[in-house]
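S.K.: mmCIF, C-alpha atoms, file upload-v8.cif:
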data_model
loop_
_atom_site.label_atom_id
_atom_site.label_comp_id
_atom_site.auth_asym_id
_atom_site.auth_seq_id
_atom_site.Cartn_x
_atom_site.Cartn_y
_atom_site.Cartn_z
CA MET Y 1158 -106.59 58.03 64.87
CA ASP Y 1159 -107.57 61.67 65.12
CA LEU Y 1160 -104.43 63.54 64.18
CA GLU Y 1161 -105.87 66.87 65.32
CA THR Y 1162 -105.72 65.70 68.91
CA ALA Y 1163 -102.46 63.79 68.53
CA ASP Y 1164 -100.34 64.28 71.61
CA MET Y 1165 -96.79 63.46 72.59
CA ASN Y 1166 -97.74 59.87 73.37
CA THR Y 1167 -98.94 59.49 69.80
CA ALA Y 1168 -95.83 61.06 68.33
CA LEU Y 1169 -93.65 58.73 70.42
CA MET Y 1170 -95.68 55.69 69.42
CA VAL Y 1171 -94.14 53.25 66.99
CA ASP Y 1172 -95.56 49.98 65.70
CA GLY Y 1173 -95.03 46.25 65.96
CA ASN Y 1174 -92.21 46.38 63.41
CA ALA Y 1175 -90.06 48.05 66.05
CA ILE Y 1176 -90.22 45.05 68.40
CA ALA Y 1177 -89.82 42.38 65.74
CA GLY Y 1178 -86.53 41.36 67.36
CA GLU Y 1179 -88.00 41.00 70.85
CA LEU Y 1180 -90.95 38.99 69.50
CA GLU Y 1181 -88.66 36.73 67.51
CA GLN Y 1182 -86.59 36.20 70.64
CA ILE Y 1183 -89.70 35.03 72.50
CA PHE Y 1184 -91.38 32.96 69.79
CA GLY Y 1185 -88.36 31.72 67.83
CA HIS Y 1186 -89.45 33.08 64.47
CA ASP Y 1187 -90.76 36.24 62.86
CA MET Y 1188 -94.08 37.30 64.40
CA THR Y 1189 -94.76 40.53 62.51
CA MET Y 1190 -97.08 38.72 60.07
CA ALA Y 1191 -98.91 36.80 62.81
CA VAL Y 1192 -102.46 38.00 63.35
CA ALA Y 1193 -103.78 38.96 66.78
CA ARG Y 1194 -107.51 39.10 67.46
CA CYS Y 1195 -108.32 41.88 69.91
CA ALA Y 1196 -110.25 40.82 73.01
CA GLY Y 1197 -111.78 44.27 73.14
CA CYS Y 1198 -113.24 44.69 69.64
CA ALA Y 1199 -112.52 41.35 67.92
CA SER Y 1200 -110.69 42.98 65.01
CA ASP Y 1201 -107.72 41.18 63.52
CA SER Y 1202 -104.37 42.93 63.15
CA LYS Y 1203 -100.98 41.77 61.97
CA MET Y 1204 -98.59 42.22 64.85
CA ALA Y 1205 -96.52 44.64 62.73
CA THR Y 1206 -99.48 47.01 62.68
CA LEU Y 1207 -100.17 47.06 66.43
CA MET Y 1208 -99.56 50.39 68.15
CA ALA Y 1209 -96.37 49.99 70.16
CA PHE Y 1210 -95.33 52.08 73.14
CA VAL Y 1211 -91.71 51.26 73.84
CA ARG Y 1212 -90.43 54.13 75.97
CA GLY Y 1213 -91.53 52.72 79.31
CA PRO Y 1214 -89.97 49.98 81.42
CA GLY Y 1215 -91.72 47.48 79.17
CA VAL Y 1216 -93.51 47.37 75.84
CA VAL Y 1217 -97.26 47.95 75.54
CA LEU Y 1218 -99.04 46.84 72.37
CA ARG Y 1219 -102.46 48.28 71.58
CA CYS Y 1220 -105.13 47.49 69.02
CA PRO Y 1221 -105.05 49.97 66.09
CA SER Y 1222 -108.85 49.76 65.86
CA CYS Y 1223 -110.00 50.29 69.48
CA GLN Y 1224 -106.71 51.07 71.27
CA SER Y 1225 -107.28 48.36 73.91
CA VAL Y 1226 -104.14 46.88 75.39
CA ILE Y 1227 -103.41 43.66 73.47
CA ALA Y 1228 -100.18 42.63 75.14
CA ARG Y 1229 -97.43 43.78 77.45
CA ILE Y 1230 -93.84 42.58 77.43
CA VAL Y 1231 -91.41 43.16 80.26
CA GLU Y 1232 -87.84 41.96 80.37
CA THR Y 1233 -86.08 41.63 83.69
CA PRO Y 1234 -82.46 40.60 84.14
CA THR Y 1235 -83.61 37.01 84.68
CA ALA Y 1236 -86.87 36.53 82.79
CA THR Y 1237 -89.23 37.79 80.11
CA TYR Y 1238 -92.90 38.35 80.95
CA LEU Y 1239 -95.56 38.32 78.24
CA ASP Y 1240 -99.06 39.35 79.32
CA ALA Y 1241 -101.30 38.60 76.34
CA ARG Y 1242 -104.71 38.67 77.97
CA GLY Y 1243 -105.82 41.43 75.58
CA MET Y 1244 -105.92 39.04 72.66
CA VAL Y 1245 -108.41 36.27 71.97
CA TYR Y 1246 -105.85 34.40 69.94
CA LEU Y 1247 -102.74 34.69 67.85
CA ARG Y 1248 -102.80 33.12 64.39
CA MET Y 1249 -99.48 32.05 62.93
CA ALA Y 1250 -99.16 30.62 59.43
CA GLN Y 1251 -97.63 27.16 59.28
CA THR Y 1252 -94.04 27.32 58.17
CA SER Y 1253 -92.52 24.42 56.32
CA MET L 1167 -85.32 26.44 65.98
CA PRO L 1168 -82.42 28.85 65.41
CA ALA L 1169 -82.46 31.67 67.94
CA LEU L 1170 -81.88 35.21 66.87
CA GLU L 1171 -78.20 35.52 67.72
CA TRP L 1172 -76.22 38.66 68.45
CA GLN L 1173 -73.28 38.92 66.09
CA VAL L 1174 -70.30 41.21 65.96
CA GLY L 1175 -69.65 43.30 62.87
CA THR L 1176 -66.79 45.60 61.94
CA VAL L 1177 -67.34 49.13 60.69
CA THR L 1178 -65.57 49.29 57.32
CA ALA L 1179 -66.56 52.77 56.21
CA ILE L 1180 -68.57 55.79 57.35
CA HIS L 1181 -70.18 58.14 54.83
CA PRO L 1182 -71.77 61.42 55.86
CA GLU L 1183 -75.09 61.70 53.97
CA THR L 1184 -76.50 64.97 55.32
CA PRO L 1185 -75.48 67.21 58.22
CA LYS L 1186 -77.61 65.00 60.48
CA THR L 1187 -77.28 61.60 58.84
CA LYS L 1188 -74.43 59.14 58.42
CA SER L 1189 -74.20 55.76 56.75
CA LEU L 1190 -72.16 53.07 58.46
CA PHE L 1191 -70.97 50.08 56.46
CA VAL L 1192 -70.67 47.04 58.69
CA ALA L 1193 -68.95 43.83 57.60
CA LEU L 1194 -70.68 40.75 59.04
CA PRO L 1195 -68.95 37.45 58.23
CA ALA L 1196 -71.89 35.39 59.54
CA TRP L 1197 -74.68 37.37 57.85
CA THR L 1198 -77.13 35.06 56.11
CA GLY L 1199 -78.89 37.71 54.04
CA HIS L 1200 -82.00 39.83 54.33
CA ARG L 1201 -84.99 41.09 52.38
CA PRO L 1202 -85.34 44.77 51.41
CA GLY L 1203 -87.17 46.65 54.17
CA GLN L 1204 -85.97 44.54 57.09
CA HIS L 1205 -84.05 46.02 60.00
CA ILE L 1206 -81.55 45.03 62.66
CA ASP L 1207 -81.35 45.55 66.39
CA LEU L 1208 -78.12 47.20 67.48
CA ARG L 1209 -76.91 46.79 71.06
CA LEU L 1210 -74.43 48.95 72.92
CA THR L 1211 -72.83 47.81 76.16
CA ALA L 1212 -71.23 50.31 78.55
CA PRO L 1213 -68.12 49.41 80.56
CA ASP L 1214 -70.32 48.94 83.64
CA GLY L 1215 -72.49 46.42 81.81
CA TYR L 1216 -75.42 48.72 81.12
CA GLN L 1217 -76.99 47.81 77.78
CA THR L 1218 -79.33 49.61 75.45
CA GLN L 1219 -80.57 48.76 71.99
CA ARG L 1220 -82.21 50.39 69.00
CA SER L 1221 -83.61 49.22 65.69
CA TYR L 1222 -82.10 50.51 62.45
CA SER L 1223 -83.37 49.84 58.97
CA ILE L 1224 -81.00 48.24 56.51
CA ALA L 1225 -80.26 50.60 53.61
CA SER L 1226 -78.29 48.15 51.50
CA PRO L 1227 -79.89 45.61 49.19
CA PRO L 1228 -79.47 41.86 49.72
CA GLU L 1229 -77.19 41.86 46.68
CA LEU L 1230 -74.47 43.46 48.84
CA ALA L 1231 -73.36 40.26 50.56
CA LYS L 1232 -71.84 39.93 54.03
CA GLN L 1233 -72.11 43.65 54.56
CA LEU L 1234 -74.82 46.04 55.71
CA GLU L 1235 -75.26 49.72 55.20
CA LEU L 1236 -77.05 51.36 58.12
CA THR L 1237 -78.10 54.98 57.74
CA VAL L 1238 -78.45 56.62 61.12
CA ASP L 1239 -80.27 59.85 61.89
CA LEU L 1240 -78.67 61.88 64.67
CA ILE L 1241 -81.10 62.39 67.56
CA PRO L 1242 -79.25 65.12 69.49
CA ASP L 1243 -80.37 64.02 72.98
CA GLY L 1244 -80.50 60.34 72.02
CA GLU L 1245 -78.69 57.55 73.78
CA VAL L 1246 -77.40 55.57 70.81
CA SER L 1247 -77.29 57.73 67.67
CA PRO L 1248 -74.84 60.35 69.08
CA TYR L 1249 -72.47 57.47 69.84
CA LEU L 1250 -72.82 56.09 66.32
CA HIS L 1251 -72.33 59.58 64.87
CA ASP L 1252 -69.54 61.01 66.99
CA VAL L 1253 -67.64 58.13 68.57
CA VAL L 1254 -67.68 55.11 66.27
CA MET L 1255 -64.77 54.99 63.82
CA GLN L 1256 -63.73 52.77 60.98
CA GLY L 1257 -62.48 49.47 62.40
CA ASP L 1258 -64.71 49.59 65.47
CA GLN L 1259 -66.95 46.67 66.30
CA LEU L 1260 -70.72 46.77 66.71
CA GLU L 1261 -73.04 44.15 68.13
CA LEU L 1262 -76.24 43.51 66.22
CA ARG L 1263 -78.87 40.87 65.49
CA GLY L 1264 -81.12 40.31 62.54
CA PRO L 1265 -82.51 40.56 60.04
CA VAL L 1266 -85.84 41.12 61.74
CA GLY L 1267 -89.31 41.92 60.45
CA GLY L 1268 -91.26 40.18 57.70
CA TYR L 1269 -94.08 42.65 57.14
CA PHE L 1270 -92.46 45.81 55.81
CA VAL L 1271 -90.70 43.89 53.05
CA TRP L 1272 -90.71 44.17 49.29
CA ASP L 1273 -88.73 42.37 46.65
CA VAL L 1274 -89.28 41.89 42.93
CA THR L 1275 -91.18 38.64 43.54
CA VAL L 1276 -93.90 40.67 45.29
CA GLY L 1277 -94.46 42.60 42.07
CA GLY L 1278 -95.88 46.03 41.44
CA PRO L 1279 -96.62 48.71 40.68
CA LEU L 1280 -94.69 50.00 43.66
CA LEU L 1281 -95.49 53.15 45.60
CA LEU L 1282 -93.02 54.28 48.24
CA VAL L 1283 -93.66 57.20 50.57
CA GLY L 1284 -90.87 58.27 52.91
CA GLY L 1285 -90.55 61.05 55.43
CA GLY L 1286 -87.05 62.04 56.58
CA SER L 1287 -84.96 58.98 57.45
CA GLY L 1288 -88.02 56.85 56.65
CA VAL L 1289 -86.51 56.69 53.19
CA VAL L 1290 -83.85 54.24 54.45
CA PRO L 1291 -85.74 50.92 54.11
CA LEU L 1292 -87.32 52.23 50.89
CA MET L 1293 -83.81 52.77 49.53
CA ALA L 1294 -83.01 49.10 50.14
CA MET L 1295 -86.07 48.26 48.00
CA LEU L 1296 -85.02 50.63 45.20
CA ARG L 1297 -81.42 49.43 45.24
CA HIS L 1298 -82.63 45.83 45.08
CA ARG L 1299 -85.01 46.72 42.23
CA ALA L 1300 -82.12 48.31 40.32
CA ALA L 1301 -79.74 45.41 41.05
CA GLN L 1302 -82.34 43.02 39.63
CA HIS L 1303 -82.76 45.24 36.53
CA SER L 1304 -86.46 45.29 37.32
CA THR L 1305 -88.72 47.56 35.29
CA ILE L 1306 -91.65 47.28 37.71
CA PRO L 1307 -93.20 50.78 37.67
CA ALA L 1308 -92.23 52.57 40.86
CA ARG L 1309 -92.73 55.99 42.37
CA LEU L 1310 -91.05 57.41 45.44
CA LEU L 1311 -92.53 60.41 47.18
CA TYR L 1312 -89.93 61.73 49.59
CA SER L 1313 -90.85 64.40 52.13
CA ALA L 1314 -87.89 66.34 53.51
CA ARG L 1315 -87.61 69.62 55.38
CA THR L 1316 -84.99 71.19 53.13
CA PRO L 1317 -82.83 70.07 50.19
CA ASP L 1318 -79.90 69.64 52.61
CA ASP L 1319 -81.90 67.02 54.50
CA VAL L 1320 -82.33 64.72 51.49
CA ILE L 1321 -80.47 61.44 52.02
CA TYR L 1322 -79.06 59.60 48.94
CA ARG L 1323 -79.83 62.60 46.72
CA ASP L 1324 -77.29 61.83 43.98
CA GLU L 1325 -78.07 58.13 43.91
CA LEU L 1326 -81.82 58.78 43.72
CA ASP L 1327 -81.25 61.16 40.83
CA GLN L 1328 -79.14 58.52 39.06
CA LEU L 1329 -81.70 55.77 39.62
CA ALA L 1330 -84.50 57.99 38.30
CA ARG L 1331 -82.45 59.08 35.28
CA ALA L 1332 -81.61 55.48 34.39
CA GLY L 1333 -85.09 55.18 32.96
CA GLY L 1334 -86.12 51.83 34.39
CA GLY L 1335 -89.61 52.98 35.28
CA LEU L 1336 -88.74 54.75 38.53
CA GLU L 1337 -89.90 58.26 39.24
CA VAL L 1338 -88.72 60.20 42.30
CA LEU L 1339 -90.77 63.11 43.61
CA PHE L 1340 -89.77 65.41 46.44
CA THR L 1341 -91.76 67.64 48.68
CA PHE L 1342 -89.96 70.20 50.84
CA THR L 1343 -91.85 71.16 53.97
CA ARG L 1344 -89.68 74.04 55.21
CA GLN L 1345 -87.47 75.35 52.46
CA ALA L 1346 -87.34 74.44 48.78
CA PRO L 1347 -84.41 75.09 46.43
CA ALA L 1348 -84.44 78.36 44.47
CA GLY L 1349 -86.65 78.03 41.43
CA TRP L 1350 -88.26 74.81 42.71
CA THR L 1351 -91.49 74.07 40.88
CA GLY L 1352 -92.34 70.83 42.70
CA TYR L 1353 -94.20 70.26 45.93
CA ARG L 1354 -93.42 72.45 48.94
CA ARG L 1355 -95.84 71.39 51.65
CA ARG L 1356 -96.72 68.51 53.91
CA ILE L 1357 -98.23 65.52 52.13
CA ASP L 1358 -101.96 66.09 51.70
CA ALA L 1359 -104.86 64.50 49.83
CA ALA L 1360 -104.32 66.48 46.62
CA MET L 1361 -100.64 65.53 46.49
CA MET L 1362 -101.32 61.87 47.28
CA ASN L 1363 -103.96 61.75 44.52
CA GLU L 1364 -101.50 63.11 41.97
CA VAL L 1365 -98.78 60.70 43.07
CA VAL L 1366 -101.01 57.62 43.07
CA LYS L 1367 -102.83 58.40 39.82
CA PRO L 1368 -100.22 57.15 37.30
CA LEU L 1369 -100.05 53.83 39.16
CA ALA L 1370 -102.85 51.32 39.10
CA ASN L 1371 -105.02 51.40 42.19
CA GLY L 1372 -103.56 48.10 43.32
CA ALA L 1373 -100.11 49.54 43.93
CA ARG L 1374 -98.03 47.82 46.59
CA THR L 1375 -97.51 50.68 48.96
CA TYR L 1376 -94.88 51.18 51.66
CA VAL L 1377 -95.00 54.20 53.94
CA CYS L 1378 -92.21 54.87 56.41
CA GLY L 1379 -91.21 57.83 58.53
CA PRO L 1380 -92.26 59.81 61.59
CA THR L 1381 -95.39 58.34 63.19
CA LEU L 1382 -97.65 61.31 62.49
CA LEU L 1383 -96.66 61.39 58.79
CA VAL L 1384 -97.26 57.65 58.43
CA GLU L 1385 -100.65 57.84 60.15
CA SER L 1386 -101.71 60.70 57.94
CA VAL L 1387 -100.52 59.15 54.65
CA ALA L 1388 -101.95 55.71 55.47
CA ASN L 1389 -105.34 57.28 56.26
CA LEU L 1390 -105.25 59.22 52.97
CA LEU L 1391 -104.38 56.12 50.94
CA VAL L 1392 -107.04 53.92 52.48
CA GLY L 1393 -109.53 56.80 52.11
CA MET L 1394 -108.65 56.90 48.40
CA GLY L 1395 -109.68 53.28 48.10
CA LEU L 1396 -106.33 51.50 48.14
CA PRO L 1397 -106.86 48.06 49.68
CA ALA L 1398 -105.66 48.30 53.30
CA GLU L 1399 -103.75 45.03 53.02
CA ARG L 1400 -101.57 46.56 50.30
CA VAL L 1401 -100.65 49.59 52.41
CA HIS L 1402 -97.65 48.66 54.55
CA THR L 1403 -96.59 51.03 57.28
CA GLU L 1404 -93.57 51.46 59.51
CA ARG L 1405 -93.51 54.17 62.15
CA PHE L 1406 -90.24 55.65 63.41
CA GLY L 1407 -91.71 57.65 66.28
CA PRO L 1408 -91.03 61.36 66.67
CA THR L 1409 -88.99 63.33 64.15
CA GLY L 1410 -85.32 63.79 64.80
CA SER L 1411 -85.49 67.29 66.20
#
Let me see the structure of the file written as structure tokens.
M.R.:
Amino acid sequence: MDLETADMNTALMVDGNAIAGELEQIFGHDMTMAVARCAGCASDSKMATLMAFVRGPGVVLRCPSCQSVIARIVETPTATYLDARGMVYLRMAQTS
Amino acid sequence: MPALEWQVGTVTAIHPETPKTKSLFVALPAWTGHRPGQHIDLRLTAPDGYQTQRSYSIASPPELAKQLELTVDLIPDGEVSPYLHDVVMQGDQLELRGPVGGYFVWDVTVGGPLLLVGGGSGVVPLMAMLRHRAAQHSTIPARLLYSARTPDDVIYRDELDQLARAGGGLEVLFTFTRQAPAGWTGYRRRIDAAMMNEVVKPLANGARTYVCGPTLLVESVANLLVGMGLPAERVHTERFGPTGS
């Protein structure tokens, strides 16, 4: 990231750590160490390291390498939506 | 698979840390333990049912059982922190879930040397690591570089001094970005490449590194560390967003 051109959106950005609770609620276990492969640039990132924009009505996760949208999460009063079309796959270690 | 459940804790004590920071001690009978660096989600519910939640890092080490210390920075126009600062009293109940996060985590089994870089309240999860390290009587070499605006903004000042004086291989370095104490001979600027080089040098290049604080500080420090040749997989980052004011 070019810090010289960092704007308010960048300052407000957090990372995947901040939504560890939401992710665990969806998947049933910790997802911060799971690796997402970006559909835009094919780089692998632990979910904890994804750029996270959490100030909107939902959460937007972006690739730290190419900034493509990896996933979006929206919670409504009755359902949770996960749009993950920005990732090729998600790799989770087997837990015993 | 056990779901992440909301649980109710009771505030047992409130300690002012700095003019803008308070620590809340929360007793949690059902708490099953955590690892240093993890956080919790805290949920507030208004009388009309409106709910909002925030994440707060756990400041206490796992050795403090059935109780959590949460150190909360006051965001003046925030939705949750002014409530925690100005309204919550000893004996009140808080709803939270956790522990969450498995990435920004260090304990003595991970090993060292350990390099911690904190900006402002980013020191909170790092403090859980240092308290755990001390509770385990670990002598893993560790350095904390703590960037604060002024001496009054330093959280856990006395305890950090004590831990460093105890001589277990921990060194604590401060940099003051706005105002340093009279006669201060240490750093008095934002973290830059020269400072990072000096801080990293005494540790082997394979230091386990944890950087936490305002997003722009974390970005900058992580870029410096990786640029210096630290393996990216050993540089763990946690971004808090904008600074408190």
S.K.: What is the CA of Ala1294 in chain L-CA of Pro1227 in chain L distance in Å, reported with one decimal?
M.R.: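 According to the coordinates, CA of Ala1294 in chain L and CA of Pro1227 in chain L are separated by 4.8 Å.
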S.K.: From the set L:Val1387, L:Leu1230, L:Leu1170, L:Leu1326, which residue has the shortest atom-to-atom contact distance to chain Y, counting only C-alpha atoms?
M.R.: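 Between L:Val1387, L:Leu1230, L:Leu1170, L:Leu1326, the residue approaching chain Y most closely is L:Leu1170.
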S.K.: Figure out the distance between CA of Ala1196 in chain Y and CA of Val1245 in chain Y, please, to one decimal in Å.
M.R.: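 So the two atoms, CA of Val1245 in chain Y and CA of Ala1196 in chain Y, lie 5.0 Å apart.
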S.K.: Pick from Y:Asp1187, Y:Gly1178, Y:Thr1167, Y:Val1192: nearest to Gln1224 in chain Y, with only C-alpha atoms counted?
M.R.: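 Among Y:Asp1187, Y:Gly1178, Y:Thr1167, Y:Val1192, it is Y:Thr1167 that comes nearest to Gln1224 in chain Y.
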S.K.: Scan for residues within 9 Å of the point (-97.1, 31.9, 62.0) in the coordinates of the file, using all atoms listed in the file, and reply as a list of chain:residue names.
M.R.: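 Applying the cut-off with all atoms listed in the file, one gets Y:His1186, Y:Asp1187, Y:Met1188, Y:Thr1189, Y:Met1190, Y:Ala1191, Y:Val1192, Y:Leu1247, Y:Arg1248, Y:Met1249, Y:Ala1250, Y:Gln1251, Y:Thr1252.
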S.K.: Suppose a student applies the PyMOL selection byres ((chain Y) within 7 of (chain L)) to this structure; what residues should they get, written as a ChimeraX atom specification?
M.R.: /Y:1168-1172,1174-1175,1177-1178,1181-1182,1185,1187,1189-1190,1205
S.K.: Using all atoms listed in the file for the distances, tell me which of L:His1251, L:Arg1331, L:Lys1232, L:Arg1356 is nearest to Thr1187 in chain L.
M.R.: L:His1251
